[in-house]
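One structure is given below, encoded as structure tokens.
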2 protein chains.
Amino acid sequence: CHLLKGKSTFTSFGVFFLQMGWGDLGAFGEPSKETPNLDQMAAEGMLFLDFYTANPLCSPSRAALLTGRLPIRNGFYTTNAHARNAYTPQNIVGGIPDSELLLPELLKKAGYTNKIIGKWHLGHRPQFHPLKHGFDEWFGSPNCHFGPYDNKEIPNIPVYRDWEMVGRYYEDFNINRKTGEANLTQIYLQEALDFISRQQASQQPFFLYWAIDATHAPVYASKHFLGTSQRGLYGDAVREIDDSIGKILKHLQKLGISENTFVFFTSDNGAALISAPKQGGSNNRFLCGKQTTFEGGMREPAIAWWPGHIPAGKVSQQLGNVMDLFTTSLSLAGLQPPSDRQIDGIDLLPAILQGQLIDRPIFYYRGNEMMAVRVGLYKAHYWTWSNSWEEYSKGIDFCPGQNVSGVTTHTKEEHTTLPLLFHLGRDPGEKYPLSFASTEYQGVMERISNVVQQHQGTMVPGEPQLNVCDKAVMNWSPPGCEKLGKCLKPPESEPKKCIWSH
Amino acid sequence: CHLLKGKSTFTSFGVFFLQMGWGDLGAFGEPSKETPNLDQMAAEGMLFLDFYTANPLCSPSRAALLTGRLPIRNGFYTTNAHARNAYTPQNIVGGIPDSELLLPELLKKAGYTNKIIGKWHLGHRPQFHPLKHGFDEWFGSPNCHFGPYDNKEIPNIPVYRDWEMVGRYYEDFNINRKTGEANLTQIYLQEALDFISRQQASQQPFFLYWAIDATHAPVYASKHFLGTSQRGLYGDAVREIDDSIGKILKHLQKLGISENTFVFFTSDNGAALISAPKQGGSNNRFLCGKQTTFEGGMREPAIAWWPGHIPAGKVSQQLGNVMDLFTTSLSLAGLQPPSDRQIDGIDLLPAILQGQLIDRPIFYYRGNEMMAVRVGLYKAHYWTWSNSWEEYSKGIDFCPGQNVSGVTTHTKEEHTTLPLLFHLGRDPGEKYPLSFASTEYQGVMERISNVVQQHQGTMVPGEPQLNVCDKAVMNWSPPGCEKLGKCLKPPESEPKKCIWSH
């Protein structure tokens, strides 16, 4: 069978992981259909309609993808306040704990060469370096490229090649914040093509994690793509990424290794509507966006591509999660997931190769709180919140133009005794809660309550990593800075509780 | 060239015209992708991303399609109040004026046989009968199938075969309002297949207007499709229509006439969000729905299919309108549009066959008012209104879950001196009006003002047909009623101003 055929030699993995909304691809109904390469990838592979990220924010989702575990388990959350989103800015003290086993660490034992291109985001202090957690190569940055832009008080974010920094954003790797011009995606593309060529030449299986960030504000595109989209600068960035992915897939085909390479495209959170329309994407008709546990915050575009194994043009309604890439990749490599800890990701191969539908819930966490759960087509909200009135009154809106009474609330609303229930088939936009009195509600909630009880009853949260911030841990003098004359003097250490406002 | 090849024998026309939202098709990003046949039609033909109806309501759009003229010209509007939607309920006195030239009337002169299957909606008094306006055959009803359901005071809507009624809804043609079961779509399908077979046998060119209504509330599907959709009853109806369209296209192919038949699929208005989620569809991320001049009310799914002529898998960003089907069909039949009147529809063949982009505006009318205009990617709102506070407070909401401050207003807002301007590429959801002070705004509005001035300066409105209502004109005793024993006695004539509340 196909699966065994794949194993008989080896299977390499490519994961494209970036910030894009469900509605940003032509294949997912973006109204100007400007992603011909991703649409082609879907036409040659499998389109997932019900695929989720593990968190409505970047760092925790990235930690979940690489550990196969919910952020509440792997530590990528905060307990500084209830149900708050947190990530890894450059003053964060925490990062990926040594006790976590990352996908590249496990694949390495099976002879894989692993490369991360782009944003790491699992901590930037020395012990968190991706090459200490299973990656063999890295080109990219430890933190996001939004700010500082050239603040002499705070170091600009470094860009690393492997162990050492090779420059800083806005100094050596510029993004023109006025025009949005930057050639970074082209550099990331070249890195990917080179790495794949080298692996093919050496006949080594590989894991390539292409974690680029051109669609994250400040959005950027290279000169050739600027002004080419109907959608403005954001669309230019999408078009460049689409073009790059097309080139990477064609490269695999040209090298004759596409049938030995399992490729997956998905996103770390929903489109950031707060940056829309110029710097943010689209979540189609789903409610709200990034930062929220509504569908717009966590349902993601997803495509699996593996010519000769995945039949062309399949559409799957399997409930999937980025954490599944961990377990699925291990399965393809002939490895078992670690048995000494709870793994939340499942092996999607039966869904991908045999079209099975595996019954499994999706949990929607915001920080330390399970806000919602999806079972089958039903989603129950145990807590609803968009953001505080205080933030909202300053113009910070995670649901622009959308307002579902009692749902997109600006006070945190607890519904744990009587969850708000939606049928995502009839009502993917979460606009029409089911009547509490209906027999449908009662039957469904009985089933969901069991799932939640099982989940919460056995949950052992990990040590929260996103509680403490300290200016002293910033990227003052990353390794390699002395060669570039870019070492800065850190201030005194002054650890503080990080402030997470939503 | 293809065009001449098409003309050298003859080209038949099929138009599928029904109520469905832009977001209801898999090809347009419906989140459960349940329209494999329509998606296949798009993959074999041309998908229009920027196609519009002429009005956010059924009757006027249908009049516009068949006359190639805006409702304000052909009379399908009201002057009883400003900017009110109006249609043809069974107490309407007006209908399609004899002075209007309908597509089938013109095609008939070129030897075409014309059939309408389904909802006519251009008036039900004897002079408005479709067989008096160019159609040769009819199976369907003059009015909508929503109400009356079995009210002894008001006649149920008749179903006609050609000149005579053959029964009434809910009496002879039942729709189970509890389960949604009805076999009407199957009957309409069979009518279409039979008609096509007969035309093929007689080697006659034909125009088939398949104007079915299963997705209009009360939504229905036949037993085989009930409960098969993730989307509930509405999805069941969509699946049955999708299946039927697949069967009609396959029938054309089987008979060997697909290369001689130009087929178009589109919708008469956006999804009726007021009926969602159980009885209404989806407008993807577009704002609001049916009854409004926002994108959700008037941007429609559209597919052109003509194997051997339209290259497979094309996507067009040509601004199109249902009125274009009039002019395009005439062009294909080698006929000229009437020169004695203003025709609003344009010939889309250069866009369909040569991929040209024709610069033309789209006008968004609500009743007697031009509410908005689209030029290129820009849309300017001259008036905004969803519905009145009075209606809204009763729960009538055309924009459920959506609220764009100053745009989806419940008071009618005039912006004629300073129109609200949106860029539909960056912002297809009409959520972020451009700043009045921007140079972008000023440059664009100069161009748009010229278009509007030209349009309004030369506009001669037709005699409004939707002003007068009279219980006496209802379907008391349609022709043929005596054979069925279904004649009812009309009351005295009492003409009144029709009340149009939104």
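Just remember, in the structure tokens the first chain shown is A, the second B, etc., residues are 1-based per chain, and ligands are 1-based in the order shown.
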Excluding Pro433 in chain B and residues on its chain fewer than 3 positions from it, collect all residues at most 7 Å away from it, counting only C-alpha atoms, and give them as a PyMOL selection string.
-> chain B and resi 420-422
Identify all chain A residues at most 7 Å from chain B by counting only C-alpha atoms; ligands do not count. Present them as a ChimeraX atom specification.
-> /A:27-29,31-32,49,230-232,277-278,284-285,401-404,425-427,431
Residue selection dump (C-alpha atoms) as a tab-separated table (two decimals), in the first residue's frame:
chain	number	residue	atom	x	y	z
A	27	ALA	CA	-9.29	27.34	-2.62
A	28	PHE	CA	-10.97	28.59	0.57
A	29	GLY	CA	-13.00	31.26	-1.18
A	31	PRO	CA	-12.84	36.78	-3.31
A	32	SER	CA	-9.97	37.60	-5.66
A	49	LEU	CA	-11.81	22.19	5.83
A	230	GLN	CA	-5.98	43.44	-5.72
A	231	ARG	CA	-5.77	43.12	-1.97
A	232	GLY	CA	-3.07	45.67	-1.29
A	277	PRO	CA	-7.44	45.40	5.63
A	278	LYS	CA	-3.95	46.68	4.83
A	284	ASN	CA	-13.95	34.02	5.37
A	285	ARG	CA	-17.28	34.07	7.21
A	401	GLY	CA	-17.65	44.82	11.83
A	402	GLN	CA	-18.90	41.77	13.70
A	403	ASN	CA	-21.05	41.79	16.77
A	404	VAL	CA	-22.92	38.76	18.02
A	425	GLY	CA	-22.38	23.12	9.76
A	426	ARG	CA	-25.55	25.21	9.71
A	427	ASP	CA	-23.87	28.17	11.31
A	431	LYS	CA	-24.11	33.69	15.07
Those in range 355-410 of chain B with strand (DSSP E) from DSSP, as an NGL selection string = :B and (362-366 or 369-375 or 378-381 or 383-384)
Find the spatial neighbours of Leu38 in chain A, counting only C-alpha atoms, within a cut-off of 10 Å - ignore same-chain residues fewer than 6 positions away - and output them as a PyMOL selection string.
-> chain A and resi 25-27+44+239+241-246+249+265+302-303
Please provide as a list of chain:residue names all residues within 12 Å of Pro338 in chain A, with the sequence filter that same-chain residues fewer than 4 positions apart are discarded (counting only C-alpha atoms).
->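 Surrounding residues, per the criterion: A:Thr67, A:Gly68, A:Arg69, A:Ser99, A:Glu100, A:Leu101, A:Leu102, A:Leu103, A:Glu105, A:Leu106, A:Phe326, A:Thr327, A:Leu330, A:Ser331, A:Gln342, A:Ile343, A:Asp344, A:Gly345.
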Could you pull the residues within 9 Å of Pro419 in chain B, counting only C-alpha atoms, minus those fewer than 5 positions along the same chain, as an NGL selection string?
-> :B and (372 or 380-383 or 414 or 436 or 445)
Dump of all heavy atoms for the selected residues, as a compact mmCIF listing (two decimals), in the first residue's frame:
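That gives us result-v8.txt:
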# COMPACT_ATOMS: atom_id res chain seq x y z
N ALA B 372 -25.56 52.92 -4.52
CA ALA B 372 -24.10 52.77 -4.58
C ALA B 372 -23.69 52.50 -6.01
O ALA B 372 -24.52 52.16 -6.86
CB ALA B 372 -23.64 51.64 -3.67
N ALA B 380 -18.60 53.17 -4.12
CA ALA B 380 -19.01 54.37 -3.40
C ALA B 380 -20.48 54.24 -3.00
O ALA B 380 -21.32 53.95 -3.85
CB ALA B 380 -18.82 55.60 -4.28
N HIS B 381 -20.75 54.43 -1.73
CA HIS B 381 -22.13 54.41 -1.25
C HIS B 381 -22.66 55.83 -1.21
O HIS B 381 -22.12 56.68 -0.50
CB HIS B 381 -22.21 53.81 0.16
CG HIS B 381 -21.98 52.34 0.19
ND1 HIS B 381 -22.98 51.44 -0.05
CD2 HIS B 381 -20.87 51.61 0.40
CE1 HIS B 381 -22.50 50.20 0.03
NE2 HIS B 381 -21.21 50.27 0.30
N TYR B 382 -23.73 56.08 -1.96
CA TYR B 382 -24.38 57.39 -1.96
C TYR B 382 -25.49 57.44 -0.90
O TYR B 382 -25.86 58.50 -0.42
CB TYR B 382 -24.92 57.72 -3.36
CG TYR B 382 -23.81 58.12 -4.31
CD1 TYR B 382 -22.86 57.19 -4.75
CD2 TYR B 382 -23.67 59.43 -4.74
CE1 TYR B 382 -21.83 57.57 -5.60
CE2 TYR B 382 -22.64 59.82 -5.60
CZ TYR B 382 -21.73 58.88 -6.02
OH TYR B 382 -20.71 59.26 -6.84
N TRP B 383 -26.00 56.28 -0.60
CA TRP B 383 -26.98 56.13 0.48
C TRP B 383 -26.66 54.82 1.21
O TRP B 383 -26.30 53.84 0.56
CB TRP B 383 -28.41 56.01 -0.07
CG TRP B 383 -28.99 57.28 -0.62
CD1 TRP B 383 -28.83 57.77 -1.88
CD2 TRP B 383 -29.84 58.20 0.07
NE1 TRP B 383 -29.52 58.94 -2.03
CE2 TRP B 383 -30.16 59.24 -0.85
CE3 TRP B 383 -30.36 58.27 1.36
CZ2 TRP B 383 -30.97 60.31 -0.50
CZ3 TRP B 383 -31.17 59.34 1.71
CH2 TRP B 383 -31.47 60.34 0.78
N GLU B 414 -27.89 59.70 3.94
CA GLU B 414 -27.51 60.24 2.65
C GLU B 414 -26.03 60.65 2.65
O GLU B 414 -25.58 61.34 3.56
CB GLU B 414 -28.38 61.47 2.31
CG GLU B 414 -28.04 62.04 0.95
CD GLU B 414 -29.06 63.06 0.45
OE1 GLU B 414 -30.00 63.38 1.19
OE2 GLU B 414 -28.91 63.51 -0.71
N PHE B 436 -11.84 60.48 3.94
CA PHE B 436 -12.26 61.51 2.99
C PHE B 436 -11.09 62.41 2.61
O PHE B 436 -11.06 62.99 1.53
CB PHE B 436 -13.36 62.39 3.59
CG PHE B 436 -14.62 61.64 3.90
CD1 PHE B 436 -15.27 61.80 5.12
CD2 PHE B 436 -15.18 60.77 2.96
CE1 PHE B 436 -16.45 61.11 5.40
CE2 PHE B 436 -16.36 60.08 3.25
CZ PHE B 436 -16.99 60.25 4.47
N MET B 445 -12.90 59.43 -6.35
CA MET B 445 -14.24 59.99 -6.38
C MET B 445 -14.46 60.91 -7.59
O MET B 445 -15.58 61.03 -8.07
CB MET B 445 -14.57 60.72 -5.08
CG MET B 445 -15.05 59.81 -3.95
SD MET B 445 -16.29 58.57 -4.43
CE MET B 445 -17.61 59.57 -5.09
Quote the spacing between CA of Arg374 in chain A and CA of Ile362 in chain A in Å to one decimal place.
->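 Interatomic distance here is 5.0 Å.
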Have a look at CA of Leu325 in chain A and CA of Ser141 in chain A and let me know their distance in Å, one decimal.
-> 22.4 Å
Do you know which residues are at most 10 Å from Val166 in chain A counting only C-alpha atoms, after dropping those on the same chain fewer than 3 positions away, and could you put them as number ranges by chain?
-> A: 139-140, 158-163, 172-173, 478-481, 483-484, 486
Can you check which residues of range 217-425 of chain A DSSP gives as helix (DSSP H, G or I) on the backbone and send them as a ChimeraX atom specification?
-> /A:223-225,233-254,258-260,273-275,295-298,324-332,349-354,389-393
Among the residues A:Thr78, A:Ser329, A:Gln203, A:Asn114, the one that comes closest to Cys469 in chain A [using only C-alpha atoms] |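 Between A:Thr78, A:Ser329, A:Gln203, A:Asn114, the residue approaching Cys469 in chain A most closely is A:Thr78.
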